[in-house]
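Listing of start.tsv, TSV, C-alpha atoms
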```
chain	number	residue	atom	x	y	z
P	1	MET	CA	-23.96	42.41	-8.71
P	2	LYS	CA	-27.25	44.04	-7.75
P	3	THR	CA	-29.08	40.74	-8.13
P	4	ALA	CA	-26.62	38.96	-5.83
P	5	SER	CA	-26.81	41.72	-3.22
P	6	ARG	CA	-30.59	41.65	-3.37
P	7	GLY	CA	-30.61	37.87	-2.95
P	8	ILE	CA	-28.32	38.10	0.09
P	9	ALA	CA	-30.51	40.79	1.62
P	10	ILE	CA	-33.65	38.68	1.11
P	11	ALA	CA	-31.97	35.62	2.65
P	12	ARG	CA	-30.78	37.67	5.64
P	13	GLU	CA	-34.25	39.12	6.19
P	14	ALA	CA	-35.88	35.70	5.81
P	15	MET	CA	-33.61	34.17	8.44
P	16	SER	CA	-34.20	37.13	10.77
P	17	THR	CA	-37.92	36.59	10.40
P	18	ALA	CA	-37.51	32.89	11.15
P	19	ALA	CA	-35.49	33.70	14.26
P	20	SER	CA	-38.19	36.09	15.45
P	21	GLN	CA	-40.75	33.27	15.53
P	22	PRO	CA	-38.78	30.38	17.07
P	23	VAL	CA	-41.73	28.10	17.82
P	24	ALA	CA	-43.01	28.06	14.24
P	25	SER	CA	-39.49	27.70	12.87
P	26	ILE	CA	-38.66	24.79	15.15
P	27	VAL	CA	-41.92	23.07	14.25
P	28	THR	CA	-41.15	23.45	10.52
P	29	ILE	CA	-37.64	22.07	11.00
P	30	LEU	CA	-38.94	19.12	13.03
P	31	MET	CA	-41.61	18.29	10.44
P	32	VAL	CA	-39.09	18.22	7.59
P	33	ALA	CA	-36.54	16.34	9.70
P	34	GLY	CA	-39.25	13.88	10.71
P	35	MET	CA	-40.15	13.27	7.07
P	36	VAL	CA	-36.53	12.55	6.11
P	37	LEU	CA	-35.99	10.43	9.22
P	38	THR	CA	-39.14	8.38	8.65
P	39	VAL	CA	-38.48	7.80	4.96
P	40	MET	CA	-34.86	6.78	5.52
P	41	LEU	CA	-35.61	4.49	8.47
P	42	THR	CA	-38.40	2.73	6.57
P	43	THR	CA	-38.03	3.09	2.83
P	44	GLY	CA	-34.29	3.75	3.17
P	45	ARG	CA	-33.81	0.54	5.11
P	46	THR	CA	-35.86	-1.31	2.49
P	47	VAL	CA	-33.84	0.21	-0.35
P	48	GLY	CA	-30.59	-0.72	1.39
P	49	ALA	CA	-31.77	-4.30	1.81
P	50	GLU	CA	-32.96	-4.35	-1.80
P	51	GLN	CA	-29.58	-3.15	-3.04
P	52	ARG	CA	-27.84	-5.81	-0.97
P	53	VAL	CA	-30.10	-8.59	-2.30
P	54	ILE	CA	-29.86	-7.35	-5.90
P	55	ALA	CA	-26.06	-7.13	-5.60
P	56	SER	CA	-25.99	-10.74	-4.43
P	57	ILE	CA	-28.20	-11.85	-7.30
P	58	ASP	CA	-26.13	-9.84	-9.77
P	59	SER	CA	-22.93	-11.74	-8.97
P	60	ALA	CA	-21.18	-13.44	-11.89
P	61	GLY	CA	-22.45	-16.84	-10.77
P	62	THR	CA	-26.06	-15.79	-11.32
P	63	ARG	CA	-25.28	-14.33	-14.75
P	64	SER	CA	-23.55	-17.43	-16.02
P	65	ILE	CA	-24.43	-19.63	-18.97
P	66	VAL	CA	-22.73	-23.03	-18.99
P	67	VAL	CA	-22.82	-25.06	-22.19
P	68	ARG	CA	-21.67	-28.66	-21.71
P	69	ALA	CA	-20.62	-30.71	-24.71
P	70	GLU	CA	-20.21	-34.47	-24.48
P	71	PRO	CA	-17.43	-36.24	-26.40
P	72	GLY	CA	-18.36	-36.31	-30.07
P	73	ALA	CA	-20.50	-33.15	-29.90
P	74	GLY	CA	-18.07	-31.42	-32.25
P	75	VAL	CA	-17.75	-28.15	-30.31
P	76	THR	CA	-14.27	-26.66	-30.72
P	77	SER	CA	-12.38	-23.73	-29.21
P	78	ASP	CA	-12.98	-21.51	-32.26
P	79	VAL	CA	-16.51	-21.00	-30.91
P	80	LEU	CA	-15.01	-18.16	-28.85
P	81	ASP	CA	-14.29	-16.24	-32.06
P	82	ARG	CA	-17.94	-16.46	-33.07
P	83	ILE	CA	-19.18	-15.57	-29.58
P	84	SER	CA	-17.05	-12.41	-29.57
P	85	GLY	CA	-19.53	-10.83	-32.00
P	86	ILE	CA	-22.46	-11.18	-29.58
P	87	SER	CA	-23.28	-8.10	-27.51
P	88	GLY	CA	-24.23	-8.32	-23.84
P	89	ILE	CA	-21.39	-10.69	-22.90
P	90	GLU	CA	-19.01	-9.72	-20.11
P	91	TRP	CA	-16.70	-12.72	-20.43
P	92	ALA	CA	-16.47	-16.09	-22.15
P	93	GLY	CA	-14.08	-19.02	-21.84
P	94	ALA	CA	-13.86	-22.59	-23.07
P	95	PHE	CA	-12.52	-25.64	-21.26
P	96	SER	CA	-11.48	-29.12	-22.29
P	97	SER	CA	-12.59	-32.31	-20.61
P	98	ALA	CA	-10.78	-33.23	-17.39
P	99	ILE	CA	-7.44	-35.01	-17.62
P	100	ASP	CA	-5.90	-36.58	-14.52
P	101	ALA	CA	-2.56	-35.19	-13.37
P	102	THR	CA	-0.16	-35.66	-10.48
P	103	ASN	CA	2.66	-33.72	-8.93
P	104	ALA	CA	5.60	-34.09	-11.33
P	105	ALA	CA	7.83	-34.90	-8.36
P	106	ILE	CA	5.43	-37.56	-7.04
P	107	PRO	CA	4.31	-39.79	-9.93
P	108	ASP	CA	2.22	-41.99	-7.63
P	109	GLY	CA	0.66	-39.03	-5.83
P	110	THR	CA	-2.98	-37.98	-5.67
P	111	ARG	CA	-4.55	-37.48	-9.06
P	112	VAL	CA	-6.29	-34.18	-9.69
P	113	PRO	CA	-8.40	-33.27	-12.74
P	114	VAL	CA	-6.78	-30.72	-15.06
P	115	ARG	CA	-8.49	-28.76	-17.83
P	116	TYR	CA	-7.10	-26.79	-20.73
P	117	ALA	CA	-8.46	-23.24	-20.73
P	118	TYR	CA	-9.04	-21.37	-23.98
P	119	GLY	CA	-9.69	-17.67	-24.40
P	120	SER	CA	-7.94	-14.32	-24.61
P	121	GLN	CA	-9.28	-13.03	-21.27
P	122	LEU	CA	-8.25	-15.68	-18.80
P	123	ASP	CA	-7.07	-12.93	-16.47
P	124	TYR	CA	-10.79	-12.71	-15.56
P	125	LEU	CA	-10.13	-15.97	-13.69
P	126	GLY	CA	-6.83	-14.80	-12.28
P	127	VAL	CA	-4.73	-16.55	-14.93
P	128	PRO	CA	-2.20	-14.04	-16.33
P	129	ALA	CA	-1.36	-13.97	-20.03
P	130	ALA	CA	1.68	-16.12	-20.87
P	131	ASP	CA	3.65	-17.08	-23.95
P	132	ALA	CA	3.63	-20.78	-23.06
P	133	PRO	CA	1.06	-23.11	-21.46
P	134	THR	CA	1.11	-22.61	-17.70
P	135	ALA	CA	-0.93	-24.23	-14.93
P	136	TYR	CA	-2.78	-22.49	-12.10
P	137	GLY	CA	-4.73	-24.24	-9.39
P	138	SER	CA	-7.23	-23.56	-6.66
P	139	PRO	CA	-6.08	-23.91	-3.02
P	140	LEU	CA	-7.90	-27.25	-2.76
P	141	ALA	CA	-6.27	-28.62	-5.90
P	142	LEU	CA	-2.78	-27.45	-4.94
P	143	GLU	CA	-3.17	-29.01	-1.50
P	144	GLN	CA	-4.09	-32.35	-3.04
P	145	LEU	CA	-1.14	-32.09	-5.42
P	146	GLY	CA	1.22	-31.27	-2.59
P	147	LEU	CA	1.99	-27.85	-4.06
P	148	VAL	CA	0.72	-25.65	-1.25
P	149	ASP	CA	3.20	-22.93	-2.19
P	150	GLY	CA	1.69	-22.67	-5.66
P	151	ALA	CA	4.94	-23.55	-7.45
P	152	GLY	CA	6.24	-26.73	-9.04
P	153	GLY	CA	5.10	-28.90	-11.92
P	154	ILE	CA	2.39	-31.36	-12.89
P	155	SER	CA	2.41	-34.42	-15.15
P	156	LEU	CA	-0.72	-35.43	-17.06
P	157	THR	CA	-1.69	-39.03	-17.82
P	158	THR	CA	-1.31	-38.10	-21.51
P	159	GLY	CA	2.43	-37.62	-20.91
P	160	ALA	CA	2.40	-33.81	-21.07
P	161	SER	CA	4.00	-31.77	-18.28
P	162	TYR	CA	3.42	-28.14	-17.32
P	163	PRO	CA	4.84	-25.74	-14.74
P	164	VAL	CA	2.58	-24.54	-11.95
P	165	ALA	CA	2.90	-20.77	-11.59
P	166	GLY	CA	0.40	-19.86	-8.88
P	167	ARG	CA	-3.00	-20.21	-7.30
P	168	ILE	CA	-6.41	-18.88	-8.34
P	169	ALA	CA	-9.67	-18.36	-6.48
P	170	THR	CA	-12.44	-20.56	-7.86
P	171	PRO	CA	-15.38	-18.39	-9.01
P	172	ASP	CA	-18.93	-19.50	-8.29
P	173	PHE	CA	-19.60	-20.46	-11.90
P	174	LEU	CA	-16.64	-22.91	-11.87
P	175	ALA	CA	-17.38	-24.41	-8.45
P	176	GLY	CA	-18.45	-27.64	-10.17
P	177	PHE	CA	-14.90	-28.04	-11.52
P	178	GLU	CA	-13.29	-28.27	-8.08
P	179	PRO	CA	-10.56	-29.25	-7.41
P	180	LEU	CA	-9.72	-26.80	-10.18
P	181	VAL	CA	-6.49	-26.77	-12.20
P	182	LEU	CA	-6.39	-24.78	-15.45
P	183	VAL	CA	-3.66	-24.86	-18.08
P	184	SER	CA	-3.71	-21.80	-20.33
P	185	GLN	CA	-3.39	-22.40	-24.09
P	186	PRO	CA	-2.08	-19.18	-25.67
P	187	GLY	CA	-1.25	-20.93	-28.96
P	188	ALA	CA	-4.61	-22.66	-29.49
P	189	ALA	CA	-5.33	-23.37	-33.17
P	190	GLY	CA	-9.12	-23.30	-32.80
P	191	ASP	CA	-9.82	-26.97	-33.53
P	192	GLU	CA	-9.32	-28.20	-29.96
P	193	PRO	CA	-12.38	-30.09	-28.60
P	194	VAL	CA	-14.30	-28.26	-25.89
P	195	SER	CA	-16.17	-29.92	-23.06
P	196	ALA	CA	-17.56	-26.81	-21.36
P	197	LEU	CA	-18.22	-23.28	-22.53
P	198	VAL	CA	-18.85	-20.64	-19.84
P	199	VAL	CA	-20.40	-17.28	-20.76
P	200	ILE	CA	-21.07	-14.44	-18.30
P	201	ALA	CA	-23.82	-12.02	-19.32
P	202	GLU	CA	-23.47	-8.33	-18.52
P	203	GLU	CA	-26.89	-8.18	-16.84
P	204	PRO	CA	-29.19	-10.83	-15.34
P	205	ASP	CA	-31.94	-9.82	-17.76
P	206	LEU	CA	-29.64	-10.72	-20.68
P	207	VAL	CA	-29.13	-14.34	-19.63
P	208	ALA	CA	-31.99	-15.70	-21.76
P	209	PRO	CA	-31.26	-13.79	-25.02
P	210	VAL	CA	-27.50	-14.31	-24.72
P	211	SER	CA	-27.90	-18.06	-24.19
P	212	THR	CA	-30.08	-18.24	-27.31
P	213	ALA	CA	-27.49	-16.31	-29.32
P	214	VAL	CA	-24.63	-18.50	-28.05
P	215	LEU	CA	-26.44	-21.67	-29.04
P	216	SER	CA	-27.03	-20.27	-32.51
P	217	VAL	CA	-23.26	-19.95	-33.16
P	218	LEU	CA	-22.17	-23.10	-31.35
P	219	ALA	CA	-21.76	-25.08	-34.61
P	220	ALA	CA	-22.05	-28.46	-32.88
P	221	ASP	CA	-21.93	-31.59	-35.03
P	222	ASP	CA	-24.42	-33.34	-32.73
P	223	THR	CA	-26.77	-31.00	-30.82
P	224	THR	CA	-28.22	-33.92	-28.84
P	225	LYS	CA	-24.92	-34.07	-26.97
P	226	VAL	CA	-25.11	-30.41	-25.94
P	227	SER	CA	-26.84	-29.18	-22.78
P	228	VAL	CA	-27.26	-25.66	-21.41
P	229	GLN	CA	-27.46	-24.56	-17.80
P	230	THR	CA	-28.47	-20.95	-17.11
P	231	SER	CA	-29.48	-18.77	-14.17
P	232	GLU	CA	-32.59	-17.43	-15.93
P	233	GLU	CA	-34.77	-18.28	-12.92
P	234	LEU	CA	-32.56	-16.10	-10.71
P	235	ALA	CA	-32.87	-13.26	-13.24
P	236	GLU	CA	-36.66	-13.53	-13.01
P	237	LEU	CA	-36.41	-13.57	-9.21
P	238	ARG	CA	-34.32	-10.39	-9.36
P	239	SER	CA	-36.99	-8.56	-11.36
P	240	LEU	CA	-39.70	-9.79	-8.99
P	241	ILE	CA	-37.84	-8.67	-5.86
P	242	GLN	CA	-36.95	-5.30	-7.35
P	243	GLY	CA	-40.53	-4.71	-8.46
P	244	GLN	CA	-42.15	-5.61	-5.15
P	245	LEU	CA	-39.72	-3.68	-2.95
P	246	GLY	CA	-39.78	-0.72	-5.35
P	247	SER	CA	-43.60	-0.50	-5.24
P	248	PHE	CA	-43.63	-0.53	-1.45
P	249	SER	CA	-40.92	2.14	-1.27
P	250	ARG	CA	-42.65	4.47	-3.73
P	251	GLY	CA	-45.99	4.16	-1.95
P	252	LEU	CA	-44.52	5.06	1.44
P	253	VAL	CA	-42.56	8.01	0.04
P	254	ILE	CA	-45.69	9.40	-1.65
P	255	VAL	CA	-47.65	9.18	1.62
P	256	MET	CA	-44.90	10.91	3.61
P	257	VAL	CA	-44.52	13.66	1.01
P	258	ALA	CA	-48.26	14.30	0.99
P	259	VAL	CA	-48.50	14.42	4.80
P	260	THR	CA	-45.46	16.68	5.24
P	261	GLY	CA	-46.53	19.01	2.44
P	262	THR	CA	-50.01	19.37	3.91
P	263	LEU	CA	-48.72	20.06	7.44
P	264	VAL	CA	-46.21	22.65	6.23
P	265	ALA	CA	-48.88	24.39	4.16
P	266	ILE	CA	-51.28	24.51	7.10
P	267	LEU	CA	-48.60	25.83	9.47
P	268	LEU	CA	-47.44	28.56	7.11
P	269	TYR	CA	-51.00	29.59	6.25
P	270	ALA	CA	-51.72	29.96	9.97
P	271	LEU	CA	-48.57	32.09	10.36
P	272	VAL	CA	-49.60	34.28	7.44
P	273	MET	CA	-52.98	34.89	9.04
P	274	MET	CA	-51.35	35.71	12.37
P	275	ARG	CA	-48.86	38.11	10.77
P	276	ARG	CA	-51.12	39.64	8.14
P	277	LYS	CA	-50.72	43.14	9.62
P	278	ASP	CA	-46.93	42.76	9.37
P	279	PHE	CA	-47.25	41.92	5.70
P	280	GLY	CA	-49.64	44.85	5.30
P	281	ARG	CA	-47.06	47.25	6.80
P	282	ARG	CA	-44.39	45.89	4.47
P	283	ARG	CA	-46.67	46.47	1.50
P	284	ALA	CA	-47.44	50.00	2.72
P	285	LEU	CA	-43.70	50.71	2.95
P	286	GLY	CA	-43.19	49.73	-0.66
P	287	ALA	CA	-42.53	45.99	-0.59
P	288	THR	CA	-43.71	44.32	-3.79
P	289	ARG	CA	-45.75	41.18	-3.90
P	290	GLY	CA	-42.77	39.37	-5.38
P	291	LEU	CA	-40.62	40.43	-2.44
P	292	ILE	CA	-43.15	39.13	0.09
P	293	MET	CA	-43.33	35.80	-1.72
P	294	SER	CA	-39.54	35.58	-1.93
P	295	LEU	CA	-39.20	36.19	1.80
P	296	LEU	CA	-41.61	33.40	2.73
P	297	LEU	CA	-40.24	30.91	0.22
P	298	THR	CA	-36.63	31.65	1.21
P	299	GLN	CA	-37.49	31.34	4.88
P	300	THR	CA	-39.16	27.98	4.32
P	301	ALA	CA	-36.30	26.71	2.14
P	302	GLY	CA	-33.75	27.69	4.78
P	303	LEU	CA	-35.64	25.95	7.56
P	304	ALA	CA	-36.18	22.90	5.33
P	305	PHE	CA	-32.44	22.72	4.64
P	306	ILE	CA	-31.71	22.61	8.36
P	307	GLY	CA	-34.38	19.94	8.77
P	308	VAL	CA	-33.02	17.66	6.02
P	309	VAL	CA	-29.49	17.90	7.41
P	310	ILE	CA	-30.71	16.93	10.88
P	311	GLY	CA	-32.98	14.18	9.56
P	312	ALA	CA	-30.43	12.62	7.18
P	313	THR	CA	-27.63	12.72	9.75
P	314	THR	CA	-29.78	11.18	12.48
P	315	ALA	CA	-31.17	8.48	10.19
P	316	SER	CA	-27.73	7.51	8.88
P	317	ALA	CA	-26.41	7.27	12.44
P	318	VAL	CA	-29.34	5.11	13.57
P	319	LEU	CA	-28.95	2.75	10.59
P	320	ALA	CA	-25.19	2.50	11.10
P	321	VAL	CA	-25.50	1.79	14.82
P	322	GLY	CA	-28.20	-0.80	14.20
P	323	GLY	CA	-26.09	-2.57	11.58
P	324	ASP	CA	-28.71	-2.02	8.87
P	325	PRO	CA	-27.66	-1.47	5.25
P	326	LEU	CA	-27.41	2.19	4.26
P	327	PRO	CA	-29.53	3.14	1.24
P	328	GLY	CA	-26.65	4.87	-0.56
P	329	ALA	CA	-25.75	8.49	-1.31
P	330	GLU	CA	-28.05	8.79	-4.33
P	331	PHE	CA	-31.14	7.78	-2.37
P	332	THR	CA	-30.22	10.02	0.57
P	333	ILE	CA	-29.65	13.06	-1.65
P	334	ALA	CA	-32.88	12.37	-3.53
P	335	VAL	CA	-34.87	12.21	-0.28
P	336	CYS	CA	-33.31	15.46	0.97
P	337	VAL	CA	-34.02	17.27	-2.30
P	338	LEU	CA	-37.57	15.91	-2.32
P	339	ALA	CA	-38.14	17.05	1.27
P	340	MET	CA	-36.85	20.56	0.55
P	341	GLY	CA	-38.88	20.74	-2.65
P	342	THR	CA	-42.02	19.56	-0.88
P	343	ALA	CA	-41.68	22.07	1.95
P	344	THR	CA	-40.91	24.96	-0.39
P	345	SER	CA	-43.76	24.05	-2.74
P	346	ALA	CA	-46.12	23.80	0.21
P	347	ALA	CA	-45.17	27.37	1.14
P	348	LEU	CA	-46.17	28.70	-2.29
P	349	LEU	CA	-49.91	29.08	-1.57
P	350	PRO	CA	-49.42	30.81	1.82
P	351	ALA	CA	-46.83	33.07	0.16
P	352	ILE	CA	-49.34	34.07	-2.51
P	353	VAL	CA	-51.95	34.77	0.17
P	354	ALA	CA	-49.46	36.91	2.10
P	355	ALA	CA	-48.45	38.84	-1.00
P	356	ARG	CA	-52.06	39.66	-1.85
P	357	ARG	CA	-52.86	41.32	1.48
P	358	GLU	CA	-54.02	44.87	0.90
P	359	PRO	CA	-52.17	47.47	3.05
P	360	ILE	CA	-55.24	49.69	3.60
P	361	ARG	CA	-57.37	46.79	4.78
P	362	GLU	CA	-54.73	45.28	7.09
P	363	LEU	CA	-53.65	48.57	8.70
P	364	ARG	CA	-57.18	49.86	9.25
P	365	VAL	CA	-57.94	50.45	12.91
P	366	PRO	CA	-61.31	48.96	13.90
```

Translate the structure of the given file into structure tokens.
Amino acid sequence: MKTASRGIAIAREAMSTAASQPVASIVTILMVAGMVLTVMLTTGRTVGAEQRVIASIDSAGTRSIVVRAEPGAGVTSDVLDRISGISGIEWAGAFSSAIDATNAAIPDGTRVPVRYAYGSQLDYLGVPAADAPTAYGSPLALEQLGLVDGAGGISLTTGASYPVAGRIATPDFLAGFEPLVLVSQPGAAGDEPVSALVVIAEEPDLVAPVSTAVLSVLAADDTTKVSVQTSEELAELRSLIQGQLGSFSRGLVIVMVAVTGTLVAILLYALVMMRRKDFGRRRALGATRGLIMSLLLTQTAGLAFIGVVIGATTASAVLAVGGDPLPGAEFTIAVCVLAMGTATSAALLPAIVAARREPIRELRVP
């Protein structure tokens, strides 16, 4: 209880001291606010753009691995069971070769390619789990079939017929299959021939190792009929962009921290020299060196807090009005904490100097 009361008393005295010297306090607030504002409008804007670019690169389409197997390659749907033991995979699915189909009600209608889809996580594509084979199509495919409402039936050239239960959005990694119609195969035995195997890695950096691991368990009868298409180049581009933008951001933040810390230290040291007799009187009245240091550090921390609030609020408003990407809460909080820490640390040396003033020397009348 005594510690809390003492802390409140020190904070109250520190703020009273800050109010008694408005010019110096305002200058301190403006310096800290200027640091936060400058960092967020430069590095913050860069970080926001970096996050937007990285998010675009990190989409599922840029983490995809597409294995294509020609007829006779010997790749079957049981490859999914072997792939399930590989770590670093977000999703995997297998697809048959395309089979032409028409609207069951219009036998002579437009033919659209249909593929059987194998896997236990087809809901990743928007295909719900079902007890029986069911067809789902993209808007383009359903339009060509004359099933714009997403309901009806299709007849394959093999003689099989399936109900159409709805529409799905074609993901980037299946854009080459458009117009896309998938028929789920919940009762697959595992020996069905596969024409395409699509694997989505959890991270762009995992594309290369995951593709190697997938090929090792493919169990193809003829590997010369198997080809692999990956987004490894995009993963390398991601690392390059992140590295270059990150280096620029760190360099600018270091410069701003150094400049702000130096200016705050100089300002507070000048104030200590101007108010040395005040500190001498406090020491003569019984104030300890620790108390003097606490007063100065608390005063600086309080002013820095006001500065970071002003700086962060202003910078966020400017970025929002200008339509620039915001750097995110984590970056903003980190900059604010760094600014407060820099200002408070810069006040440490002047606080030590103030605490070491000797009362007899400072109160001596020349």

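Of the listed residues P:Pro139, P:Arg356, P:Pro171, P:Thr314, the one whose atoms come nearest to P:Gly290 is P:Arg356, with distances taken using all atoms listed in the file.
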
Contacts of P:Thr313 at 10 Å (all atoms listed in the file; same-chain gap of 3+ positions) as an mmCIF file with C-alpha atoms, in the coordinates of the input:
```
data_model
loop_
_atom_site.group_PDB
_atom_site.id
_atom_site.type_symbol
_atom_site.label_atom_id
_atom_site.label_comp_id
_atom_site.auth_asym_id
_atom_site.auth_seq_id
_atom_site.Cartn_x
_atom_site.Cartn_y
_atom_site.Cartn_z
ATOM 1 C CA ALA P 33 -36.540 16.340 9.700
ATOM 2 C CA VAL P 36 -36.530 12.550 6.110
ATOM 3 C CA LEU P 37 -35.990 10.430 9.220
ATOM 4 C CA GLY P 307 -34.380 19.940 8.770
ATOM 5 C CA VAL P 308 -33.020 17.660 6.020
ATOM 6 C CA VAL P 309 -29.490 17.900 7.410
ATOM 7 C CA ILE P 310 -30.710 16.930 10.880
ATOM 8 C CA SER P 316 -27.730 7.510 8.880
ATOM 9 C CA ALA P 317 -26.410 7.270 12.440
ATOM 10 C CA VAL P 318 -29.340 5.110 13.570
ATOM 11 C CA THR P 332 -30.220 10.020 0.570
#
```

So that all listed atoms of stretch 7-23 of chain P fit with 4 Å spare on each side, what axis-aligned box centre and edge lengths in Å, to one decimal, would you give as lines of an AutoDock Vina configuration file?
```
center_x = -35.0
center_y = 34.4
center_z = 7.4
size_x = 21.4
size_y = 20.7
size_z = 28.8
```

At a cut-off of 12 Å, can you tabulate as a Markdown table every residue of stretch 291-347 of chain P near stretch 4-20 of chain P together with its closest atom pair and the distance in Å to one decimal, using only C-alpha atoms and ordering rows by chain then number?
```
| residue | atom | partner | partner_atom | distance |
| --- | --- | --- | --- | --- |
| P:Leu291 | CA | P:Ile10 | CA | 8.0 |
| P:Ile292 | CA | P:Ile10 | CA | 9.6 |
| P:Met293 | CA | P:Ile10 | CA | 10.5 |
| P:Ser294 | CA | P:Ile10 | CA | 7.3 |
| P:Leu295 | CA | P:Ala14 | CA | 5.2 |
| P:Leu296 | CA | P:Ala14 | CA | 6.9 |
| P:Leu297 | CA | P:Ala14 | CA | 8.6 |
| P:Thr298 | CA | P:Ala14 | CA | 6.2 |
| P:Gln299 | CA | P:Ala14 | CA | 4.7 |
| P:Thr300 | CA | P:Ala14 | CA | 8.5 |
| P:Ala301 | CA | P:Ala14 | CA | 9.7 |
| P:Gly302 | CA | P:Met15 | CA | 7.4 |
| P:Leu303 | CA | P:Ala18 | CA | 8.0 |
| P:Ala304 | CA | P:Ala18 | CA | 11.6 |
| P:Ile306 | CA | P:Met15 | CA | 11.7 |
```

Q. Quick one: residues within 6 Å of P:Ile200, only C-alpha atoms counted, chain neighbours fewer than 6 positions away excluded, as an NGL selection string?
A. :P and (63-64 or 89-91)

Write a file of the selected residues as a JSON list (two decimals), keeping the file's coordinate frame, keeping C-alpha atoms.
```json
[["chain", "number", "residue", "atom", "x", "y", "z"],
["P", 63, "ARG", "CA", -25.28, -14.33, -14.75],
["P", 64, "SER", "CA", -23.55, -17.43, -16.02],
["P", 89, "ILE", "CA", -21.39, -10.69, -22.90],
["P", 90, "GLU", "CA", -19.01, -9.72, -20.11],
["P", 91, "TRP", "CA", -16.70, -12.72, -20.43]]
```

Q. So how many Å separate atom CA of P:Val148 and atom CA of P:Val164, to one decimal?
A. 10.9 Å

Residue contacts of P:Lys225 (10 Å, only C-alpha atoms) excluding same-chain residues fewer than 4 positions away, as an mmCIF file with C-alpha atoms, in the coordinates of the input:
```cif
data_model
loop_
_atom_site.group_PDB
_atom_site.id
_atom_site.type_symbol
_atom_site.label_atom_id
_atom_site.label_comp_id
_atom_site.auth_asym_id
_atom_site.auth_seq_id
_atom_site.Cartn_x
_atom_site.Cartn_y
_atom_site.Cartn_z
ATOM 1 C CA ARG P 68 -21.670 -28.660 -21.710
ATOM 2 C CA ALA P 69 -20.620 -30.710 -24.710
ATOM 3 C CA GLU P 70 -20.210 -34.470 -24.480
ATOM 4 C CA PRO P 71 -17.430 -36.240 -26.400
ATOM 5 C CA GLY P 72 -18.360 -36.310 -30.070
ATOM 6 C CA ALA P 73 -20.500 -33.150 -29.900
ATOM 7 C CA GLY P 74 -18.070 -31.420 -32.250
ATOM 8 C CA VAL P 75 -17.750 -28.150 -30.310
ATOM 9 C CA ALA P 220 -22.050 -28.460 -32.880
ATOM 10 C CA ASP P 221 -21.930 -31.590 -35.030
#
```

Q: Extract, using all atoms listed in the file, all DNA, RNA and protein residues at most 9 Å from stretch 187-189 of chain P, discarding same-chain residues fewer than 6 positions from it, and format them as a list of chain:residue names.
A: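 Listed by chain and then number, they are P:Ser77, P:Asp78, P:Tyr118, P:Gly119, P:Asp131, P:Ala132, P:Pro133.
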
Q.
Please determine, counting only C-alpha atoms, which residue among P:Val228, P:Ala117, P:Ala320, P:Val207 has the shortest atom-to-atom distance to P:Glu192.
A.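 That would be P:Ala117, the residue with the smallest distance to P:Glu192.
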
With stretch 210-214 of chain P as the partner and 12 Å as the cut-off, tabulate the residues of stretch 144-202 of chain P that qualify, each row holding the nearest pair of atoms and their distance in Å to one decimal, using only C-alpha atoms, sorted by chain and rising number, as a Markdown table.
```
| residue | atom | partner | partner_atom | distance |
| --- | --- | --- | --- | --- |
| P:Leu197 | CA | P:Val214 | CA | 9.7 |
| P:Val198 | CA | P:Val214 | CA | 10.3 |
| P:Val199 | CA | P:Ser211 | CA | 8.3 |
| P:Ile200 | CA | P:Val210 | CA | 9.1 |
| P:Ala201 | CA | P:Val210 | CA | 6.9 |
| P:Glu202 | CA | P:Val210 | CA | 9.5 |
```
